[in-house]
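Reading through the structure tokens given below for one structure.
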Amino acid sequence: MLRLLLPIAVALLLLACIQTPRGQSYQASSSLPGFEQASFEAYREETRQWLMDNRAFVSRDTLAEIEANTPFEMLPQGDTRRGILLVHGLSDSPAYFEDIAQSLANRGFLVRTLLLPGHGSRPADLQLASLESWNKAVAHHTKLLSDQVDELWLGGFSTGANLVTTEAIDNPRVEGLLLFSPGFEPRFKTTALSPYLDWLVTWANLDPETNYYRYESLTMHGAALYYQSSVQVRDALAGKGFDRPALVTISAADSVIDAQGVLSLFQNHFDHPGSQLVWYGELEAPMPRITALPGRLPKQRIASIAHMSVLFRPDNHYYGRQGQYRICDNGQSEQLEAACPQNPQPWYGAWGTKEPGQMVARLSWNPYYPELETQLDSVIATTNSQNRTARLK
């Protein structure tokens with residue numbers, strides 16, 4: 001027992017020594033914006049104004065930062081019979097859905113995104129959030145959208161996937177789910193300590209803030225909220241499962257999520273015959289309803305698929321292959337990371353991926369994006385209006 005407790009005690013002492021640096025990013029706002037407005041338009045405008053007043057900007061392009069973090073709506077051509085609410089992950093922003101939203105709008109969806117409380121402004125604001133506020137925000141905007149469409153879907157990335165799955169299980173109005181790298185089960189079991197460490201230390205991680213699509217630093221409270229959302233969704237799935245169509249994507253090399261845990265939960269609790277899981281990596285044997293795509297693509301200098309990769313097109317203006325922002329913090333030596341921004345031909349992969357003799361930047365786009373759109377079509381096509389009517393009786 002002593003051998004188990006000693007490393008934990010040392011870790012606690014090291015964490016306690018992390019001092020909050022100076023700067024707006026590391027000082028919380030006085031309060032968070034509301035999310036229960038009577039219309040999405042009012043919610044969007046009030047949130048945008050709050051961000052203008054409270055965001056700690058990290059670049060000179062303040063307008064781009066505001067737009068990336070403001071909830072948005074994308075309308076399809078023609079009638080808005082179908083609608084989907086998309087919920088981002090921990091530390092992320094609505095901008096994470098800019099490509100998926102366009103793909104869904106092209107398929108006839110009215111698309112809306114959410115800004116989870118504590119996000120979009122400064123990393124310290126996650127101290128002010130709660131799992132209850134996240135759940136309430138998802139429930140409120142699900143209801144707003146359901147009042148405007150006949151066919152309601154929910155989608156989420158990482159922590160956002162946990163929240164929308166929990167909402168959908170008990171909401172018969174939800175027709176189906178699109179879940180991108182769902183955070184159902186953390187890869188590292190020590191994540192379970194975060195709710196306890198939250199009482200002792202403020203910061204789980206401190207990094208320079210340079211990326212206006214997400215926070216680089218993470219409060220321990222934010223980590224605890226993620227873990228609580230994972231417990232919540234696993235309990236909900238164990239209790240009822242999900243009996244409607246779902247698309248689930250996960251990388252075998254995911255550095256954040258237990259990919260095998262997601263695979264097991266899919267097999268055991270997503271029982272609709274039209275549900276599909278896309279596995280980016282190798283599988284030992286073919287499995288029903290599961291599509292495996294190679295994670296290593298040497299001709300494209302891709303060593304593995306990252307947690308965030310699935311959401312973005314290769315030509316995305318910010319995270320694409322030739323995009324504005326390259327993620328060099330990838331668990332390598334300081335020397336390799338320092339050379340990353342100027343490297344004309346880096347390799348790409350999940351966090352922590354090593355390639356002999358090569359610098360590996362984070363893969364921030366999906367080399368299989370066209371295939372993802374085909375898989376979206378396949379799952380969406382399995383909806384059944386008769387089943388919907390029966391659920392709502």
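Please note that chains go A, B, ... in the order of the structure tokens, that every chain numbers its residues from 1, and that ligands are numbered from 1 in the order shown.
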Would you list the contacts of segment 204-210 of chain A as a ChimeraX atom specification, taking every protein, DNA or RNA residue within 8 Å and counting only C-alpha atoms, but skipping same-chain residues closer than 3 positions in sequence?
/A:15,25,58-59,201,215-220,223
Which residues of segment 17-102 of chain A come within 8 Å of segment 142-159 of chain A, and what is each one's closest atom pair and distance in Å (one decimal), counting only C-alpha atoms, sorted by chain and residue number, as a tab-separated table?
```
residue	atom	partner	partner_atom	distance
A:Ala38	CA	A:Leu144	CA	7.9
A:Ser39	CA	A:Leu144	CA	7.1
A:Phe40	CA	A:Leu144	CA	7.4
A:Thr80	CA	A:Val149	CA	6.4
A:Arg81	CA	A:Val149	CA	5.0
A:Arg82	CA	A:Glu151	CA	4.7
A:Gly83	CA	A:Leu152	CA	5.2
A:Ile84	CA	A:Trp153	CA	4.5
A:Leu85	CA	A:Leu154	CA	5.0
A:Leu86	CA	A:Gly155	CA	4.6
A:Val87	CA	A:Gly156	CA	4.6
A:His88	CA	A:Phe157	CA	5.2
A:Gly89	CA	A:Thr159	CA	4.5
A:Leu90	CA	A:Thr159	CA	5.7
```
Those selected residues, please, written with all heavy atoms and delivered as a tab-separated table (two decimals), in the first residue's frame.
```
chain	number	residue	atom	x	y	z
A	38	ALA	N	-34.64	32.96	-24.35
A	38	ALA	CA	-35.84	32.39	-24.98
A	38	ALA	C	-35.63	32.03	-26.44
A	38	ALA	O	-36.44	31.29	-27.02
A	38	ALA	CB	-37.00	33.38	-24.85
A	39	SER	N	-34.57	32.53	-27.06
A	39	SER	CA	-34.30	32.22	-28.46
A	39	SER	C	-32.81	32.02	-28.65
A	39	SER	O	-31.98	32.57	-27.89
A	39	SER	CB	-34.79	33.33	-29.39
A	39	SER	OG	-33.99	34.50	-29.23
A	40	PHE	N	-32.45	31.26	-29.69
A	40	PHE	CA	-31.04	31.06	-29.98
A	40	PHE	C	-30.39	32.36	-30.41
A	40	PHE	O	-29.22	32.62	-30.08
A	40	PHE	CB	-30.87	29.99	-31.07
A	40	PHE	CG	-29.43	29.66	-31.34
A	40	PHE	CD1	-28.74	28.78	-30.52
A	40	PHE	CD2	-28.75	30.25	-32.41
A	40	PHE	CE1	-27.40	28.48	-30.76
A	40	PHE	CE2	-27.42	29.94	-32.65
A	40	PHE	CZ	-26.74	29.06	-31.82
A	80	THR	N	-36.36	23.39	-42.99
A	80	THR	CA	-35.54	22.96	-41.85
A	80	THR	C	-36.28	21.87	-41.07
A	80	THR	O	-36.62	22.04	-39.91
A	80	THR	CB	-35.20	24.14	-40.94
A	80	THR	OG1	-36.42	24.78	-40.52
A	80	THR	CG2	-34.34	25.15	-41.65
A	81	ARG	N	-36.55	20.76	-41.74
A	81	ARG	CA	-37.26	19.66	-41.08
A	81	ARG	C	-36.37	18.96	-40.06
A	81	ARG	O	-36.84	18.50	-39.02
A	81	ARG	CB	-37.72	18.65	-42.14
A	81	ARG	CG	-38.57	17.51	-41.59
A	81	ARG	CD	-39.03	16.58	-42.71
A	81	ARG	NE	-37.91	15.91	-43.34
A	81	ARG	CZ	-37.35	14.79	-42.88
A	81	ARG	NH1	-37.79	14.24	-41.77
A	81	ARG	NH2	-36.35	14.23	-43.53
A	82	ARG	N	-35.07	18.90	-40.36
A	82	ARG	CA	-34.12	18.26	-39.47
A	82	ARG	C	-33.26	19.31	-38.76
A	82	ARG	O	-32.92	20.34	-39.34
A	82	ARG	CB	-33.17	17.34	-40.24
A	82	ARG	CG	-33.77	16.04	-40.70
A	82	ARG	CD	-32.77	15.29	-41.55
A	82	ARG	NE	-33.14	13.91	-41.76
A	82	ARG	CZ	-32.62	13.13	-42.70
A	82	ARG	NH1	-31.68	13.61	-43.50
A	82	ARG	NH2	-33.01	11.87	-42.82
A	83	GLY	N	-32.89	19.01	-37.53
A	83	GLY	CA	-32.00	19.90	-36.81
A	83	GLY	C	-31.04	19.12	-35.93
A	83	GLY	O	-31.34	18.01	-35.51
A	84	ILE	N	-29.88	19.72	-35.67
A	84	ILE	CA	-28.89	19.08	-34.80
A	84	ILE	C	-28.19	20.14	-33.96
A	84	ILE	O	-27.84	21.21	-34.45
A	84	ILE	CB	-27.86	18.26	-35.60
A	84	ILE	CG1	-26.92	17.49	-34.65
A	84	ILE	CG2	-27.08	19.12	-36.59
A	84	ILE	CD1	-26.09	16.42	-35.34
A	85	LEU	N	-28.02	19.83	-32.67
A	85	LEU	CA	-27.24	20.65	-31.76
A	85	LEU	C	-25.89	19.97	-31.54
A	85	LEU	O	-25.84	18.79	-31.19
A	85	LEU	CB	-27.96	20.81	-30.42
A	85	LEU	CG	-27.21	21.58	-29.33
A	85	LEU	CD1	-27.11	23.06	-29.70
A	85	LEU	CD2	-27.89	21.40	-27.97
A	86	LEU	N	-24.81	20.72	-31.74
A	86	LEU	CA	-23.45	20.19	-31.60
A	86	LEU	C	-22.79	20.81	-30.37
A	86	LEU	O	-22.81	22.04	-30.20
A	86	LEU	CB	-22.62	20.50	-32.85
A	86	LEU	CG	-23.14	19.91	-34.16
A	86	LEU	CD1	-22.31	20.43	-35.33
A	86	LEU	CD2	-23.12	18.39	-34.13
A	87	VAL	N	-22.15	19.97	-29.54
A	87	VAL	CA	-21.56	20.43	-28.28
A	87	VAL	C	-20.08	20.06	-28.27
A	87	VAL	O	-19.71	18.89	-28.43
A	87	VAL	CB	-22.29	19.80	-27.08
A	87	VAL	CG1	-21.69	20.33	-25.77
A	87	VAL	CG2	-23.79	20.10	-27.14
A	88	HIS	N	-19.24	21.06	-28.05
A	88	HIS	CA	-17.78	20.90	-28.12
A	88	HIS	C	-17.22	20.20	-26.88
A	88	HIS	O	-17.92	19.92	-25.92
A	88	HIS	CB	-17.11	22.26	-28.32
A	88	HIS	CG	-17.33	23.20	-27.16
A	88	HIS	ND1	-16.66	23.11	-25.97
A	88	HIS	CD2	-18.18	24.26	-27.04
A	88	HIS	CE1	-17.05	24.07	-25.16
A	88	HIS	NE2	-17.98	24.78	-25.76
A	89	GLY	N	-15.92	19.97	-26.90
A	89	GLY	CA	-15.25	19.27	-25.82
A	89	GLY	C	-14.64	20.20	-24.79
A	89	GLY	O	-14.71	21.43	-24.90
A	90	LEU	N	-14.01	19.61	-23.80
A	90	LEU	CA	-13.35	20.36	-22.73
A	90	LEU	C	-12.25	21.25	-23.30
A	90	LEU	O	-11.40	20.79	-24.06
A	90	LEU	CB	-12.74	19.38	-21.71
A	90	LEU	CG	-11.98	20.00	-20.54
A	90	LEU	CD1	-12.91	20.81	-19.65
A	90	LEU	CD2	-11.28	18.92	-19.73
```
Which of segment 211-264 of chain A counts as alpha helix (DSSP H) under DSSP, as an MDAnalysis selection string please?
chainID A and resid 220:240 259:264
Which residue is closest to Thr249 of chain A? Choose from A:Glu371, A:Glu284, A:Asp198, A:Glu132 and count only C-alpha atoms.
A:Glu371
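Between atom CA of Leu51 of chain A and atom CA of His119 of chain A the interatomic distance comes to 9.7 Å.
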Apply DSSP to the structure's backbone, then extract all residues of segment 207-368 of chain A labelled strand (DSSP E or B) and return them as a VMD selection string.
chain A and resid 218 to 219 242 246 to 251 257 270 276 to 280 290 to 293 297 302 347 to 349 355 358 360 to 362
For segment 306-312 of chain A, work out the shell of residues within 9 Å, counting only C-alpha atoms and skipping chain neighbours fewer than 6 positions away, then give it as number ranges by chain.
A: 96-100, 157-158, 180-181, 249-257, 319-320, 348-351, 362-369, 372
Which one is closest to Gln375 of chain A: A:Leu114, A:Ala192, A:Leu277, A:Ala137? Count only C-alpha atoms.
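For Gln375 of chain A, the nearest of the given residues is A:Leu277.
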Please list as a VMD selection string every residue within 12 Å of Tyr43 of chain A, counting only C-alpha atoms and excluding residues in the same chain fewer than 2 positions away.
chain A and resid 33 to 41 45 to 50 70 to 73 112 to 115 137 140 to 141 144
Would you mind telling me which residue in A:Leu247, A:Met74, A:Leu283, A:Val138 lies nearest to Asn106 of chain A when using only C-alpha atoms?
A:Met74
